[in-house]
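K.L.:
Structure below; questions to follow.
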Amino acid sequence: MTLDLEDIARLAGVSRSTVSRVLNNRPDVKESTRQRVLKIIEQHNYHPNNLARALVTQRTRILSLVIPQPIVDVFTEPYNPIVIQGVTVEASQSDYAVMLWMGSSTEEEQRFCDRILSNDQFDGLIMISSLADDPIVKRLAQAHFPFLLLGPPPVEGINFINTDNFGGAREAVLHLIDLDWQRIGMITGPETLLAARDRLAGYYDAMQAAGRLIDPALVVEGGYGEAAGYQAMLTLIDRGADAVFVSSDVMALGALRAAQDSGRRVPDDLGIVGFDDIPSAATSSPALTTVHQPIQDLGGVATRTLINILDGSLEEPHQEILPTELIVRETCGASRKGSQH
């Protein structure tokens with residue numbers, strides 16, 4: 001038998017409006033009445049949109065995934081869909097649903113954050129972000145809401161899962177140095193992103209560790225898009241770079257195209273290493289040497305971690321950095337130089 005509000009009201013001996021107020025967690029209901037209604041709801045497993053179960057258990061079994069980027073950008077780069085897959089697969093295996101929030105701009109950040117914090121239909125939140133001064137992360141931290149950041153933390157004391165951006169970049173540049181490339185440049189990500197800063201720091205550290213002079217003219221900022229990588233590579237070619245570490249595979253593929261359009265043979269004339277190991281890195285021609293970061297695992301680990309925090313089985317703050325791995329393919333010149341890293 002499927003019950004409706006009228007049935008619940010009749011069984012509890014209250015009015016339909018009282019049941020509605022209980023379901024909406026209104027304060028203007030006597031506690032004894034509230035408990036009587038909730039008992040009927042629990043006995044008959046009445047759950048309109050899972051709200052009643054949430055009232056009884058104080059859990060909705062819904063997680064929010066927040067991607068504070070313009071919606072048009074969310075699915076145009078490979079990283080976000082892979083993370084979303086990792087989050088949703090892990091959530092489903094743990095009997096959780098995922099609520100996806102997308103979109104933000106400078107003008108809308110306040111309203112975007114207000115909408116998230118005023119929504120009480122989820123238990124915890126995962127946010128993809130690596131901005132150096134992210135206002136949404138700061139608001140979430142101040143609100144003491146259960147959340148986990150997927151990316152480098154802009155403030156201390158919060159839960160996060162991150163990739164070893166510094167170590168991965170350092171290994172990539174040391175690999176190019178081992179192959180005896182002389183004028184090694186870098187195409188960075190946007191300076192506002194913490195992950196991009198960490199990868200740039202890895203480049204500097206590797207160059208310094210090898211005793212190489214760093215030419216500021218060989219460090220060019222890109223925008224994590226293929227077109228940005230293309231233009232940045234043209235600049236570096238003009239400045240005499242013979243090898244380039246690129247802060248993302250999408251930019252690296254643009255850089256590869258620019259090198260080829262400029263008449264440079266990769267890897268005979270120019271070495272290239274990317275970062276991410278997106279699927280198209282293995283199928284480019286030549287195949288892209290890159291730093292593998294476990295993108296899908298990031299989403300899965302973040303989801304498991306947040307669920308464990310919600311269950312009380314993991315202490316806060318939980319902070320974890322996942323390792324990277326250098327994947328040597330063809331664009332770095334390893335086979336031409338007769339060396340492997």
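Within each chain, counting starts at residue 1; across the structure tokens, chains are named A, B, ... in the order shown, with ligands numbered 1 upward in that order.
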Sorted by chain and rising residue number, list the residues of range 129-229 of chain A at most 6 Å from range 249-258 of chain A (counting only C-alpha atoms), each with its closest atom pair and distance in Å to one decimal, as a tab-separated table.

P.N.:
```
residue	atom	partner	partner_atom	distance
A:Tyr224	CA	A:Met251	CA	5.7
A:Gly225	CA	A:Met251	CA	5.4
A:Glu226	CA	A:Gly254	CA	4.4
A:Gly229	CA	A:Met251	CA	4.0
```

K.L.:
Keeping only N, CA and C atoms, write the selected residues to a file as a PDB file, in the first residue's frame.

P.N.:
```pdb
ATOM      1  N   TYR A 224      45.666  26.521 -20.628  1.00  0.00           N
ATOM      2  CA  TYR A 224      45.132  25.158 -20.532  1.00  0.00           C
ATOM      3  C   TYR A 224      44.259  24.770 -21.719  1.00  0.00           C
ATOM      4  N   GLY A 225      44.295  25.528 -22.786  1.00  0.00           N
ATOM      5  CA  GLY A 225      43.580  25.170 -24.005  1.00  0.00           C
ATOM      6  C   GLY A 225      44.558  24.830 -25.114  1.00  0.00           C
ATOM      7  N   GLU A 226      44.095  24.120 -26.142  1.00  0.00           N
ATOM      8  CA  GLU A 226      44.983  23.717 -27.234  1.00  0.00           C
ATOM      9  C   GLU A 226      45.510  24.923 -27.998  1.00  0.00           C
ATOM     10  N   GLY A 229      48.335  26.522 -26.127  1.00  0.00           N
ATOM     11  CA  GLY A 229      49.560  25.749 -26.272  1.00  0.00           C
ATOM     12  C   GLY A 229      50.216  25.972 -27.622  1.00  0.00           C
TER      13      GLY A 229
END
```

K.L.:
Taking 5 positions as the minimum chain separation for residues in the same chain, which residues sit within 12 Å of Arg212 in chain A when counting only C-alpha atoms? Answer as a count of residues only.

P.N.:
16

K.L.:
Within 12 Å of range 67-77 of chain A, counting only C-alpha atoms, which residues qualify if same-chain residues fewer than 3 places away don't, as an NGL selection string?

P.N.:
:A and (64 or 80-84 or 99-106 or 108-110 or 112-113 or 116 or 125-131 or 134-137 or 149-151 or 223-226 or 248-251 or 276 or 278-280)

K.L.:
Could you pull out all residues of range 214-309 of chain A with a DSSP call of helix (DSSP H, G or I) and give them as a ChimeraX atom specification?

P.N.:
/A:216-218,226-238,249-261,279-281,295-309

K.L.:
Could you name the residues that touch Asn162 in chain A at 9 Å or less, counting only C-alpha atoms, but leaving out those on the same chain fewer than 2 positions away, as a PDB file with N, CA and C atoms, in the first residue's frame?

P.N.:
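See part_1.pdb below for the written result:
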```
ATOM      1  N   LEU A 149      38.032  19.169  -0.924  1.00  0.00           N
ATOM      2  CA  LEU A 149      38.525  19.838  -2.123  1.00  0.00           C
ATOM      3  C   LEU A 149      39.324  18.859  -2.954  1.00  0.00           C
ATOM      4  N   LEU A 150      39.065  18.862  -4.247  1.00  0.00           N
ATOM      5  CA  LEU A 150      39.839  18.047  -5.166  1.00  0.00           C
ATOM      6  C   LEU A 150      40.809  18.988  -5.879  1.00  0.00           C
ATOM      7  N   GLY A 151      42.023  19.064  -5.345  1.00  0.00           N
ATOM      8  CA  GLY A 151      43.015  19.988  -5.865  1.00  0.00           C
ATOM      9  C   GLY A 151      43.818  20.573  -4.719  1.00  0.00           C
ATOM     10  N   PRO A 152      44.798  21.432  -5.045  1.00  0.00           N
ATOM     11  CA  PRO A 152      45.611  22.043  -3.983  1.00  0.00           C
ATOM     12  C   PRO A 152      44.768  22.956  -3.102  1.00  0.00           C
ATOM     13  N   PRO A 153      45.008  22.957  -1.781  1.00  0.00           N
ATOM     14  CA  PRO A 153      44.188  23.753  -0.867  1.00  0.00           C
ATOM     15  C   PRO A 153      44.625  25.216  -0.819  1.00  0.00           C
ATOM     16  N   PHE A 160      41.422  17.600   1.654  1.00  0.00           N
ATOM     17  CA  PHE A 160      41.697  17.668   0.219  1.00  0.00           C
ATOM     18  C   PHE A 160      42.367  16.395  -0.268  1.00  0.00           C
ATOM     19  N   ASP A 164      50.471  14.927  -7.010  1.00  0.00           N
ATOM     20  CA  ASP A 164      51.815  15.448  -6.797  1.00  0.00           C
ATOM     21  C   ASP A 164      52.248  16.261  -8.025  1.00  0.00           C
ATOM     22  N   ASN A 165      51.686  17.446  -8.141  1.00  0.00           N
ATOM     23  CA  ASN A 165      51.983  18.298  -9.292  1.00  0.00           C
ATOM     24  C   ASN A 165      53.460  18.699  -9.328  1.00  0.00           C
ATOM     25  N   LEU A 298      41.353  10.088  -8.625  1.00  0.00           N
ATOM     26  CA  LEU A 298      41.144  11.290  -7.826  1.00  0.00           C
ATOM     27  C   LEU A 298      39.680  11.411  -7.429  1.00  0.00           C
ATOM     28  N   GLN A 319      44.102  14.887   4.478  1.00  0.00           N
ATOM     29  CA  GLN A 319      44.849  15.510   3.383  1.00  0.00           C
ATOM     30  C   GLN A 319      45.740  14.461   2.740  1.00  0.00           C
ATOM     31  N   GLU A 320      45.574  14.267   1.433  1.00  0.00           N
ATOM     32  CA  GLU A 320      46.253  13.168   0.746  1.00  0.00           C
ATOM     33  C   GLU A 320      46.737  13.632  -0.624  1.00  0.00           C
ATOM     34  N   ILE A 321      47.962  13.241  -0.959  1.00  0.00           N
ATOM     35  CA  ILE A 321      48.538  13.570  -2.269  1.00  0.00           C
ATOM     36  C   ILE A 321      48.816  12.268  -3.006  1.00  0.00           C
ATOM     37  N   LEU A 322      48.194  12.091  -4.172  1.00  0.00           N
ATOM     38  CA  LEU A 322      48.363  10.870  -4.958  1.00  0.00           C
ATOM     39  C   LEU A 322      49.596  10.989  -5.858  1.00  0.00           C
TER      40      LEU A 322
END
```

K.L.:
In Å, how far is it from CA of Val291 in chain A to CA of Val328 in chain A?

P.N.:
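CA of Val328 in chain A lies at a distance of 8.5 Å from CA of Val291 in chain A.
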
K.L.:
May I ask which of the residues A:Ile41, A:Leu200, A:Ala12, A:Ala91 is the closest one to Ile187 in chain A, counting only C-alpha atoms?

P.N.:
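Of all the options, A:Leu200 lies closest to Ile187 in chain A.
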
K.L.:
Determine the nearest neighbour of Pro78 in chain A from the options A:Gln296, A:Gln208, A:Ser284, A:Ser313, counting only C-alpha atoms.

P.N.:
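Of A:Gln296, A:Gln208, A:Ser284, A:Ser313, the one nearest Pro78 in chain A is A:Gln296, counting only C-alpha atoms.
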
K.L.:
Go through A:Leu148, A:Val66, A:Val219, A:Leu326 one by one, measure the shortest atom-to-atom distance of each to Arg115 in chain A using only C-alpha atoms, and give the residue with the smallest value.

P.N.:
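Among A:Leu148, A:Val66, A:Val219, A:Leu326, it is A:Val66 that comes nearest to Arg115 in chain A.
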
K.L.:
Please extract the residues of range 124-209 of chain A with a backbone DSSP assignment of strand (DSSP E) and present them as JSON, numbers by chain.

P.N.:
{"A": [124, 125, 126, 127, 128, 147, 148, 149, 150, 160, 161, 162, 163, 184, 185, 186, 187, 188]}
